[in-house]
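Have a look at input_4.pdb; it's PDB, C-alpha atoms and all ligand atoms:
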ATOM      1  CA  MET A   1     -12.173  18.087   9.806  1.00  0.00           C
ATOM      2  CA  LYS A   2     -14.432  18.252   6.821  1.00  0.00           C
ATOM      3  CA  TYR A   3     -12.967  17.176   3.492  1.00  0.00           C
ATOM      4  CA  ALA A   4     -13.228  19.539   0.577  1.00  0.00           C
ATOM      5  CA  THR A   5     -15.708  18.374  -2.008  1.00  0.00           C
ATOM      6  CA  GLN A   6     -15.867  19.146  -5.686  1.00  0.00           C
ATOM      7  CA  GLU A   7     -18.824  18.590  -7.916  1.00  0.00           C
ATOM      8  CA  ASP A   8     -17.790  15.900 -10.367  1.00  0.00           C
ATOM      9  CA  PRO A   9     -20.073  14.797 -13.191  1.00  0.00           C
ATOM     10  CA  ALA A  10     -18.408  11.363 -13.049  1.00  0.00           C
ATOM     11  CA  SER A  11     -20.065  10.792  -9.698  1.00  0.00           C
ATOM     12  CA  ALA A  12     -23.355  10.328 -11.515  1.00  0.00           C
ATOM     13  CA  ALA A  13     -22.002   7.121 -13.070  1.00  0.00           C
ATOM     14  CA  ASP A  14     -22.642   3.622 -11.737  1.00  0.00           C
ATOM     15  CA  PRO A  15     -21.290   3.577  -8.176  1.00  0.00           C
ATOM     16  CA  SER A  16     -21.343  -0.210  -8.021  1.00  0.00           C
ATOM     17  CA  SER A  17     -18.474  -0.562 -10.464  1.00  0.00           C
ATOM     18  CA  ALA A  18     -15.322  -1.398  -8.535  1.00  0.00           C
ATOM     19  CA  ASP A  19     -13.127  -0.302 -11.424  1.00  0.00           C
ATOM     20  CA  THR A  20     -14.351   3.246 -11.186  1.00  0.00           C
ATOM     21  CA  PHE A  21     -14.456   3.396  -7.400  1.00  0.00           C
ATOM     22  CA  SER A  22     -12.742   6.722  -6.934  1.00  0.00           C
ATOM     23  CA  GLU A  23     -14.433   8.486  -9.802  1.00  0.00           C
ATOM     24  CA  THR A  24     -17.933   7.434  -8.928  1.00  0.00           C
ATOM     25  CA  ALA A  25     -17.803   7.575  -5.171  1.00  0.00           C
ATOM     26  CA  ASN A  26     -20.857   9.367  -3.900  1.00  0.00           C
ATOM     27  CA  LYS A  27     -21.891  10.379  -0.428  1.00  0.00           C
ATOM     28  CA  GLU A  28     -23.937   7.234   0.123  1.00  0.00           C
ATOM     29  CA  GLU A  29     -21.083   4.920  -0.850  1.00  0.00           C
ATOM     30  CA  MET A  30     -18.569   6.864   1.197  1.00  0.00           C
ATOM     31  CA  SER A  31     -20.851   6.716   4.203  1.00  0.00           C
ATOM     32  CA  GLN A  32     -21.110   2.946   3.746  1.00  0.00           C
ATOM     33  CA  LEU A  33     -17.341   2.589   3.372  1.00  0.00           C
ATOM     34  CA  ASN A  34     -16.774   4.652   6.477  1.00  0.00           C
ATOM     35  CA  SER A  35     -19.100   2.520   8.550  1.00  0.00           C
ATOM     36  CA  GLU A  36     -17.529  -0.700   7.162  1.00  0.00           C
ATOM     37  CA  ASN A  37     -14.133   0.588   8.166  1.00  0.00           C
ATOM     38  CA  GLY A  38     -15.173   1.880  11.549  1.00  0.00           C
ATOM     39  CA  ALA A  39     -14.328   5.397  10.481  1.00  0.00           C
ATOM     40  CA  VAL A  40     -13.878   8.044  13.095  1.00  0.00           C
ATOM     41  CA  SER A  41     -14.359  11.719  12.556  1.00  0.00           C
ATOM     42  CA  GLY A  42     -11.763  14.361  13.246  1.00  0.00           C
ATOM     43  CA  GLY A  43      -8.005  14.249  12.753  1.00  0.00           C
ATOM     44  CA  SER A  44      -6.027  15.577   9.867  1.00  0.00           C
ATOM     45  CA  SER A  45      -5.882  14.245   6.358  1.00  0.00           C
ATOM     46  CA  PHE A  46      -2.621  13.098   4.800  1.00  0.00           C
ATOM     47  CA  PRO A  47      -1.989  13.742   2.046  1.00  0.00           C
ATOM     48  CA  MET A  48      -4.100  16.893   2.065  1.00  0.00           C
ATOM     49  CA  ASN A  49      -6.631  17.134  -0.729  1.00  0.00           C
ATOM     50  CA  ASN A  50      -4.621  19.983  -2.246  1.00  0.00           C
ATOM     51  CA  SER A  51      -1.248  18.224  -1.837  1.00  0.00           C
ATOM     52  CA  PRO A  52       0.950  17.388  -4.860  1.00  0.00           C
ATOM     53  CA  GLN A  53       0.111  13.684  -4.395  1.00  0.00           C
ATOM     54  CA  MET A  54      -3.610  14.253  -4.608  1.00  0.00           C
ATOM     55  CA  LEU A  55      -3.454  16.870  -7.369  1.00  0.00           C
ATOM     56  CA  SER A  56      -1.213  14.778  -9.606  1.00  0.00           C
ATOM     57  CA  ALA A  57      -3.024  11.498  -9.020  1.00  0.00           C
ATOM     58  CA  PRO A  58      -5.924  10.305 -11.157  1.00  0.00           C
ATOM     59  CA  THR A  59      -8.113  10.643  -8.065  1.00  0.00           C
ATOM     60  CA  LYS A  60      -8.344  14.422  -8.444  1.00  0.00           C
ATOM     61  CA  GLY A  61     -11.731  15.577  -7.288  1.00  0.00           C
ATOM     62  CA  MET A  62     -12.363  12.390  -5.307  1.00  0.00           C
ATOM     63  CA  GLN A  63     -14.318  12.739  -2.116  1.00  0.00           C
ATOM     64  CA  ARG A  64     -12.057  10.816   0.254  1.00  0.00           C
ATOM     65  CA  PRO A  65     -13.394   8.692   3.063  1.00  0.00           C
ATOM     66  CA  ARG A  66     -12.469   9.721   6.580  1.00  0.00           C
ATOM     67  CA  LYS A  67      -9.552   8.155   8.381  1.00  0.00           C
ATOM     68  CA  VAL A  68     -10.218   4.691   9.670  1.00  0.00           C
ATOM     69  CA  PHE A  69      -9.261   3.380  13.058  1.00  0.00           C
ATOM     70  CA  ILE A  70      -5.937   1.536  12.931  1.00  0.00           C
ATOM     71  CA  LYS A  71      -4.981  -0.615  15.902  1.00  0.00           C
ATOM     72  CA  PRO A  72      -2.018   0.588  17.974  1.00  0.00           C
ATOM     73  CA  GLY A  73       1.214  -0.916  16.693  1.00  0.00           C
ATOM     74  CA  HIS A  74      -0.097  -1.068  13.118  1.00  0.00           C
ATOM     75  CA  SER A  75       1.386   2.067  11.556  1.00  0.00           C
ATOM     76  CA  GLN A  76       3.128   1.895   8.169  1.00  0.00           C
ATOM     77  CA  LEU A  77       6.435   2.072  10.029  1.00  0.00           C
ATOM     78  CA  ASP A  78       5.381  -0.957  12.081  1.00  0.00           C
ATOM     79  CA  TRP A  79       4.549  -2.725   8.825  1.00  0.00           C
ATOM     80  CA  MET A  80       7.980  -1.956   7.408  1.00  0.00           C
ATOM     81  CA  LYS A  81       9.562  -3.340  10.581  1.00  0.00           C
ATOM     82  CA  LEU A  82       7.499  -6.526  10.374  1.00  0.00           C
ATOM     83  CA  SER A  83       8.125  -7.048   6.684  1.00  0.00           C
ATOM     84  CA  SER A  84      11.871  -6.671   7.123  1.00  0.00           C
ATOM     85  CA  SER A  85      11.979  -8.853  10.254  1.00  0.00           C
ATOM     86  CA  GLY A  86      12.488 -12.115   8.412  1.00  0.00           C
ATOM     87  CA  VAL A  87       9.057 -13.472   9.404  1.00  0.00           C
ATOM     88  CA  ASP A  88       7.534 -15.493   6.556  1.00  0.00           C
ATOM     89  CA  LEU A  89       4.696 -13.397   5.113  1.00  0.00           C
ATOM     90  CA  ARG A  90       4.347 -15.285   1.808  1.00  0.00           C
ATOM     91  CA  GLY A  91       3.288 -18.678   3.083  1.00  0.00           C
ATOM     92  CA  VAL A  92       4.812 -20.368   0.029  1.00  0.00           C
ATOM     93  CA  LYS A  93       8.301 -21.802  -0.398  1.00  0.00           C
ATOM     94  CA  GLU A  94       8.974 -20.499  -3.893  1.00  0.00           C
ATOM     95  CA  PRO A  95       7.294 -18.094  -6.370  1.00  0.00           C
ATOM     96  CA  LEU A  96       4.305 -19.707  -8.098  1.00  0.00           C
ATOM     97  CA  LEU A  97       2.666 -19.309 -11.496  1.00  0.00           C
ATOM     98  CA  LEU A  98      -1.021 -18.997 -10.719  1.00  0.00           C
ATOM     99  CA  THR A  99      -4.410 -18.760 -12.383  1.00  0.00           C
ATOM    100  CA  LEU A 100      -7.129 -16.410 -11.213  1.00  0.00           C
ATOM    101  CA  GLU A 101      -9.087 -19.491 -10.146  1.00  0.00           C
ATOM    102  CA  GLU A 102      -6.271 -20.484  -7.800  1.00  0.00           C
ATOM    103  CA  VAL A 103      -6.014 -16.963  -6.421  1.00  0.00           C
ATOM    104  CA  ALA A 104      -9.784 -16.911  -5.839  1.00  0.00           C
ATOM    105  CA  LYS A 105      -9.481 -19.674  -3.230  1.00  0.00           C
ATOM    106  CA  HIS A 106      -7.615 -17.264  -0.968  1.00  0.00           C
ATOM    107  CA  ASN A 107     -10.393 -14.804  -0.255  1.00  0.00           C
ATOM    108  CA  LYS A 108     -10.706 -14.860   3.520  1.00  0.00           C
ATOM    109  CA  LYS A 109      -9.312 -12.569   6.166  1.00  0.00           C
ATOM    110  CA  ASP A 110      -7.063 -15.337   7.512  1.00  0.00           C
ATOM    111  CA  ASP A 111      -5.926 -16.343   4.009  1.00  0.00           C
ATOM    112  CA  CYS A 112      -6.047 -13.398   1.649  1.00  0.00           C
ATOM    113  CA  TRP A 113      -4.301 -13.056  -1.714  1.00  0.00           C
ATOM    114  CA  ILE A 114      -4.751 -10.272  -4.248  1.00  0.00           C
ATOM    115  CA  VAL A 115      -3.409  -9.530  -7.715  1.00  0.00           C
ATOM    116  CA  ILE A 116      -1.869  -6.164  -8.504  1.00  0.00           C
ATOM    117  CA  ASN A 117      -0.160  -5.716 -11.866  1.00  0.00           C
ATOM    118  CA  ASN A 118      -0.090  -9.476 -12.531  1.00  0.00           C
ATOM    119  CA  LYS A 119       1.741 -10.083  -9.270  1.00  0.00           C
ATOM    120  CA  VAL A 120       0.048 -12.154  -6.597  1.00  0.00           C
ATOM    121  CA  PHE A 121       0.495 -10.961  -3.010  1.00  0.00           C
ATOM    122  CA  ASN A 122      -0.422 -12.666   0.226  1.00  0.00           C
ATOM    123  CA  ILE A 123      -1.835  -9.657   2.108  1.00  0.00           C
ATOM    124  CA  THR A 124      -3.160 -11.585   5.111  1.00  0.00           C
ATOM    125  CA  SER A 125      -0.582  -9.959   7.386  1.00  0.00           C
ATOM    126  CA  TYR A 126      -1.069  -6.505   5.873  1.00  0.00           C
ATOM    127  CA  LEU A 127      -4.842  -6.316   6.358  1.00  0.00           C
ATOM    128  CA  ASP A 128      -4.672  -4.697   9.805  1.00  0.00           C
ATOM    129  CA  PHE A 129      -1.945  -2.292   8.674  1.00  0.00           C
ATOM    130  CA  HIS A 130      -3.821  -0.877   5.683  1.00  0.00           C
ATOM    131  CA  PRO A 131      -4.530   2.852   6.252  1.00  0.00           C
ATOM    132  CA  GLY A 132      -7.763   2.475   4.284  1.00  0.00           C
ATOM    133  CA  GLY A 133      -8.966  -0.332   6.567  1.00  0.00           C
ATOM    134  CA  ARG A 134      -9.346  -4.077   6.210  1.00  0.00           C
ATOM    135  CA  ALA A 135     -12.785  -3.879   4.620  1.00  0.00           C
ATOM    136  CA  GLN A 136     -11.388  -2.002   1.628  1.00  0.00           C
ATOM    137  CA  LEU A 137      -8.847  -4.735   0.962  1.00  0.00           C
ATOM    138  CA  MET A 138     -11.425  -7.482   1.424  1.00  0.00           C
ATOM    139  CA  ARG A 139     -13.379  -6.030  -1.520  1.00  0.00           C
ATOM    140  CA  VAL A 140     -10.699  -7.496  -3.776  1.00  0.00           C
ATOM    141  CA  ALA A 141      -9.765 -10.570  -1.724  1.00  0.00           C
ATOM    142  CA  GLY A 142      -8.931 -13.411  -4.118  1.00  0.00           C
ATOM    143  CA  LYS A 143      -9.300 -11.062  -7.098  1.00  0.00           C
ATOM    144  CA  ASP A 144      -7.383  -8.742  -9.386  1.00  0.00           C
ATOM    145  CA  GLY A 145      -7.439  -5.437  -7.483  1.00  0.00           C
ATOM    146  CA  SER A 146      -5.240  -3.495  -9.916  1.00  0.00           C
ATOM    147  CA  ALA A 147      -7.904  -1.097 -11.206  1.00  0.00           C
ATOM    148  CA  LEU A 148      -9.270  -0.337  -7.764  1.00  0.00           C
ATOM    149  CA  PHE A 149      -5.782   0.037  -6.343  1.00  0.00           C
ATOM    150  CA  TYR A 150      -4.628   2.518  -9.002  1.00  0.00           C
ATOM    151  CA  ASN A 151      -7.899   4.439  -8.963  1.00  0.00           C
ATOM    152  CA  THR A 152      -7.592   4.856  -5.216  1.00  0.00           C
ATOM    153  CA  HIS A 153      -3.916   5.630  -4.692  1.00  0.00           C
ATOM    154  CA  ALA A 154      -1.641   5.410  -7.716  1.00  0.00           C
ATOM    155  CA  TRP A 155       1.143   7.006  -5.675  1.00  0.00           C
ATOM    156  CA  VAL A 156       1.487   4.034  -3.288  1.00  0.00           C
ATOM    157  CA  ASN A 157       4.547   1.873  -4.094  1.00  0.00           C
ATOM    158  CA  VAL A 158       2.900  -1.516  -3.785  1.00  0.00           C
ATOM    159  CA  ASP A 159       5.968  -3.452  -4.958  1.00  0.00           C
ATOM    160  CA  ALA A 160       8.117  -1.982  -2.217  1.00  0.00           C
ATOM    161  CA  MET A 161       5.484  -2.281   0.489  1.00  0.00           C
ATOM    162  CA  LEU A 162       4.450  -5.839  -0.289  1.00  0.00           C
ATOM    163  CA  ASN A 163       7.797  -7.118  -1.482  1.00  0.00           C
ATOM    164  CA  LYS A 164       7.925  -9.797   1.253  1.00  0.00           C
ATOM    165  CA  CYS A 165       4.329 -10.825   0.538  1.00  0.00           C
ATOM    166  CA  LEU A 166       4.918 -11.841  -3.075  1.00  0.00           C
ATOM    167  CA  VAL A 167       3.454 -15.281  -3.739  1.00  0.00           C
ATOM    168  CA  GLY A 168       4.000 -15.388  -7.486  1.00  0.00           C
ATOM    169  CA  PHE A 169       2.649 -14.256 -10.841  1.00  0.00           C
ATOM    170  CA  LEU A 170      -0.442 -14.731 -12.943  1.00  0.00           C
ATOM    171  CA  LYS A 171      -0.023 -17.178 -15.808  1.00  0.00           C
ATOM    172  CA  SER A 172       0.458 -15.279 -19.040  1.00  0.00           C
ATOM    173  CA  LYS A 173      -2.868 -16.320 -20.614  1.00  0.00           C
ATOM    174  CA  GLN A 174      -4.562 -14.468 -17.727  1.00  0.00           C
ATOM    175  CA  ARG A 175      -2.799 -11.205 -18.515  1.00  0.00           C
TER     176      ARG A 175
HETATM  177  C1  LIG A 201      -7.141  -2.714  -4.071  1.00  0.00           C
HETATM  178  C2  LIG A 201      -7.889  -2.407  -3.065  1.00  0.00           C
HETATM  179  C3  LIG A 201      -7.630  -1.222  -2.168  1.00  0.00           C
HETATM  180  C4  LIG A 201      -8.526  -0.283  -1.802  1.00  0.00           C
HETATM  181  C5  LIG A 201      -9.997  -0.231  -2.190  1.00  0.00           C
HETATM  182  C6  LIG A 201      -7.845   0.676  -0.962  1.00  0.00           C
HETATM  183  C7  LIG A 201      -8.426   1.774  -0.384  1.00  0.00           C
HETATM  184  C8  LIG A 201      -7.778   2.740   0.320  1.00  0.00           C
HETATM  185  C9  LIG A 201      -8.384   3.945   0.837  1.00  0.00           C
HETATM  186  C10 LIG A 201      -9.862   4.309   0.703  1.00  0.00           C
HETATM  187  C11 LIG A 201      -7.417   4.659   1.434  1.00  0.00           C
HETATM  188  C12 LIG A 201      -7.576   6.029   2.075  1.00  0.00           C
HETATM  189  C13 LIG A 201      -7.568   5.954   3.581  1.00  0.00           C
HETATM  190  C14 LIG A 201      -7.598   7.322   4.221  1.00  0.00           C
HETATM  191  O1  LIG A 201      -7.051   8.290   3.687  1.00  0.00           O
HETATM  192  O2  LIG A 201      -8.173   7.421   5.297  1.00  0.00           O
HETATM  193  C15 LIG A 201      -6.192   3.914   1.310  1.00  0.00           C
HETATM  194  C16 LIG A 201      -4.965   4.336   1.782  1.00  0.00           C
HETATM  195  C17 LIG A 201      -3.812   3.618   1.643  1.00  0.00           C
HETATM  196  N1  LIG A 201      -3.663   2.366   1.116  1.00  0.00           N
HETATM  197 FE1  LIG A 201      -5.092   1.313   0.175  1.00  0.00          FE
HETATM  198  N2  LIG A 201      -6.543   0.298  -0.839  1.00  0.00           N
HETATM  199  C18 LIG A 201      -6.365  -0.860  -1.548  1.00  0.00           C
HETATM  200  C19 LIG A 201      -5.201  -1.581  -1.659  1.00  0.00           C
HETATM  201  C20 LIG A 201      -4.001  -1.267  -1.058  1.00  0.00           C
HETATM  202  C21 LIG A 201      -2.821  -2.090  -1.093  1.00  0.00           C
HETATM  203  C22 LIG A 201      -2.693  -3.462  -1.771  1.00  0.00           C
HETATM  204  C23 LIG A 201      -1.873  -1.434  -0.410  1.00  0.00           C
HETATM  205  C24 LIG A 201      -0.497  -1.954  -0.154  1.00  0.00           C
HETATM  206  C25 LIG A 201       0.579  -1.396  -0.467  1.00  0.00           C
HETATM  207  C26 LIG A 201      -2.446  -0.170   0.050  1.00  0.00           C
HETATM  208  C27 LIG A 201      -1.788   0.829   0.762  1.00  0.00           C
HETATM  209  C28 LIG A 201      -2.345   2.006   1.175  1.00  0.00           C
HETATM  210  C29 LIG A 201      -1.587   3.102   1.776  1.00  0.00           C
HETATM  211  C30 LIG A 201      -0.088   3.132   2.025  1.00  0.00           C
HETATM  212  C31 LIG A 201      -2.515   4.110   2.046  1.00  0.00           C
HETATM  213  C32 LIG A 201      -2.221   5.492   2.619  1.00  0.00           C
HETATM  214  C33 LIG A 201      -1.977   6.363   1.382  1.00  0.00           C
HETATM  215  C34 LIG A 201      -2.024   7.833   1.659  1.00  0.00           C
HETATM  216  O3  LIG A 201      -2.631   8.288   2.637  1.00  0.00           O
HETATM  217  O4  LIG A 201      -1.461   8.556   0.814  1.00  0.00           O
HETATM  218  N3  LIG A 201      -3.752  -0.120  -0.351  1.00  0.00           N
HETATM  219  N4  LIG A 201      -6.438   2.743   0.625  1.00  0.00           N
END
Step by step, read the file and then write its structure as structure tokens.
Ligand code: HEM
Amino acid sequence: MKYATQEDPASAADPSSADTFSETANKEEMSQLNSENGAVSGGSSFPMNNSPQMLSAPTKGMQRPRKVFIKPGHSQLDWMKLSSSGVDLRGVKEPLLLTLEEVAKHNKKDDCWIVINNKVFNITSYLDFHPGGRAQLMRVAGKDGSALFYNTHAWVNVDAMLNKCLVGFLKSKQR
């Protein structure tokens, strides 16, 4: 299935800026993202480009990458089952107050923290469940991924999905 494309003047802007990922995505970048993610062609797109989610989100007009390959047993339902199973996904005993420097130490696929909205999440377990692929998450490993997250899919309820992955909060001077 070919995704609908719309000419968007914003796509002429600097494509290297992570903060403007969705607005500046061009064919070259999308092709790179697809190959990083092991994208496969075909299949249907959810939500559809003309769905209420896509039309109401700030990503209107975005040229979306194709679906990535997700391992069997790694659907979002499987993630919900795992995260409500009682398995420790945080890796810390109690919520921490952290600096960005401390978060930055956790930037590997077997130890991966990210900041969204001043909350620090241990997403190591979620990497293989992410519908956008592990490579997309690794772009913000050990960093504040808020801008990229909201530019890409503001409709995703990150607090609910990563509730059991909460490690702590950024110290207020970092906010
Ligand atoms: C901040 C860096 C992130 C980037 C660059 C990113 C990128 C993407 C991309 C490109 C897709 C589209 C995949 C497709 O349609 O084939 C996607 C989907 C998705 N991502 Fe992320 N993502 C990020 C963080 C997260 C986080 C932290 C979560 C955890 C809750 C998450 C949850 C999802 C979900 C649930 C979808 C499917 C949404 C839908 O189809 O409506 N993402 N992501």
With a cut-off of 8 Å, could you pull out the residues of chain A touching ligand LIG 201 (chain A) and give me the nearest pair of atoms for each, distance in Å to one decimal, using all atoms listed in the file, ordered by chain and ascending number, as a Markdown table?
| residue | atom | partner | partner_atom | distance |
| --- | --- | --- | --- | --- |
| A:Phe21 | CA | A:LIG201 | C5 | 7.8 |
| A:Ser45 | CA | A:LIG201 | O1 | 6.6 |
| A:Phe46 | CA | A:LIG201 | O3 | 5.3 |
| A:Pro47 | CA | A:LIG201 | O4 | 5.4 |
| A:Gln53 | CA | A:LIG201 | O4 | 7.5 |
| A:Arg64 | CA | A:LIG201 | O1 | 6.6 |
| A:Pro65 | CA | A:LIG201 | O2 | 5.8 |
| A:Arg66 | CA | A:LIG201 | O2 | 5.0 |
| A:Lys67 | CA | A:LIG201 | O2 | 3.5 |
| A:Val68 | CA | A:LIG201 | O2 | 5.5 |
| A:Gln76 | CA | A:LIG201 | C30 | 7.0 |
| A:Ile114 | CA | A:LIG201 | C22 | 7.5 |
| A:Ile116 | CA | A:LIG201 | C22 | 7.3 |
| A:Ile123 | CA | A:LIG201 | C22 | 7.4 |
| A:Tyr126 | CA | A:LIG201 | C24 | 7.6 |
| A:His130 | CA | A:LIG201 | C28 | 5.6 |
| A:Pro131 | CA | A:LIG201 | C17 | 4.7 |
| A:Gly132 | CA | A:LIG201 | C13 | 3.6 |
| A:Gly133 | CA | A:LIG201 | C8 | 7.1 |
| A:Gln136 | CA | A:LIG201 | C5 | 4.4 |
| A:Leu137 | CA | A:LIG201 | C2 | 4.7 |
| A:Met138 | CA | A:LIG201 | C2 | 7.6 |
| A:Arg139 | CA | A:LIG201 | C5 | 6.7 |
| A:Val140 | CA | A:LIG201 | C2 | 5.9 |
| A:Gly145 | CA | A:LIG201 | C1 | 4.4 |
| A:Ser146 | CA | A:LIG201 | C1 | 6.2 |
| A:Ala147 | CA | A:LIG201 | C1 | 7.4 |
| A:Leu148 | CA | A:LIG201 | C1 | 4.9 |
| A:Phe149 | CA | A:LIG201 | C1 | 3.8 |
| A:Tyr150 | CA | A:LIG201 | C1 | 7.6 |
| A:Thr152 | CA | A:LIG201 | C7 | 5.8 |
| A:His153 | CA | A:LIG201 | C33 | 6.4 |
| A:Trp155 | CA | A:LIG201 | O4 | 7.2 |
| A:Val156 | CA | A:LIG201 | C30 | 5.6 |
| A:Asn157 | CA | A:LIG201 | C25 | 6.3 |
| A:Val158 | CA | A:LIG201 | C25 | 4.1 |
| A:Asp159 | CA | A:LIG201 | C25 | 7.3 |
| A:Ala160 | CA | A:LIG201 | C25 | 7.8 |
| A:Met161 | CA | A:LIG201 | C25 | 5.1 |
| A:Leu162 | CA | A:LIG201 | C25 | 5.9 |
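Among the candidate residues A:Leu98, A:Lys93, A:Cys165, A:Ser84, the one lying nearest to Thr124 in chain A is A:Cys165, with distances computed using all atoms listed in the file.
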As a ChimeraX atom specification, please: the residues near range 85-89 of chain A (cut-off 8 Å, only C-alpha atoms, same-chain neighbours under 5 positions excluded). /A:122,125,164-165
Using only C-alpha atoms, please write the residues we just selected to a file, as a short mmCIF file (atom, residue, chain, number, x, y, z; two decimals), in the frame of the given file.
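again21.cif, written as the output of this step:
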data_model
loop_
_atom_site.label_atom_id
_atom_site.label_comp_id
_atom_site.auth_asym_id
_atom_site.auth_seq_id
_atom_site.Cartn_x
_atom_site.Cartn_y
_atom_site.Cartn_z
CA ASN A 122 -0.42 -12.67 0.23
CA SER A 125 -0.58 -9.96 7.39
CA LYS A 164 7.92 -9.80 1.25
CA CYS A 165 4.33 -10.82 0.54
#
Could you work out an axis-aligned bounding box for all listed atoms of range 117-135 of chain A, with 3 Å added on each of the six sides, and give its centre and edge lengths in Å to one decimal, as JSON?
{"center_x": -5.5, "center_y": -4.9, "center_z": -1.4, "size_x": 20.5, "size_y": 21.5, "size_z": 28.3}
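Residues within 8 Å of Phe169 in chain A, counting all atoms listed in the file and excluding same-chain residues fewer than 4 positions away, are Pro95, Leu96, Leu97, Leu98, Asn118, Lys119 and Val120 of chain A.
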Restricting the calculation to only C-alpha atoms, which member of A:Ala141, A:Ala135, A:Leu82, A:Leu127 is positioned closest to Asn107 in chain A? A:Ala141
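Picture a line from CA of Phe129 in chain A to CA of Leu100 in chain A; it runs 24.9 Å.
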Near-Glu102 in chain A list (10 Å; all atoms listed in the file; drop same-chain fewer than 6 positions) as a PDB file with C-alpha atoms, in the coordinates of the input:
ATOM      1  CA  TRP A 113      -4.301 -13.056  -1.714  1.00  0.00           C
ATOM      2  CA  GLY A 142      -8.931 -13.411  -4.118  1.00  0.00           C
ATOM      3  CA  LYS A 143      -9.300 -11.062  -7.098  1.00  0.00           C
ATOM      4  CA  LEU A 170      -0.442 -14.731 -12.943  1.00  0.00           C
TER       5      LEU A 170
END
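The smallest atom-to-atom distance between Asp111 in chain A and any of A:Lys71, A:Arg90, A:Leu166, A:Thr99, using all atoms listed in the file, is found for A:Arg90.
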What is the distance, in Å and to one decimal place, between CA of Val115 in chain A and CA of Val92 in chain A? 15.7 Å
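Put simply, CA of Asp128 in chain A is 13.4 Å away from CA of Lys108 in chain A.
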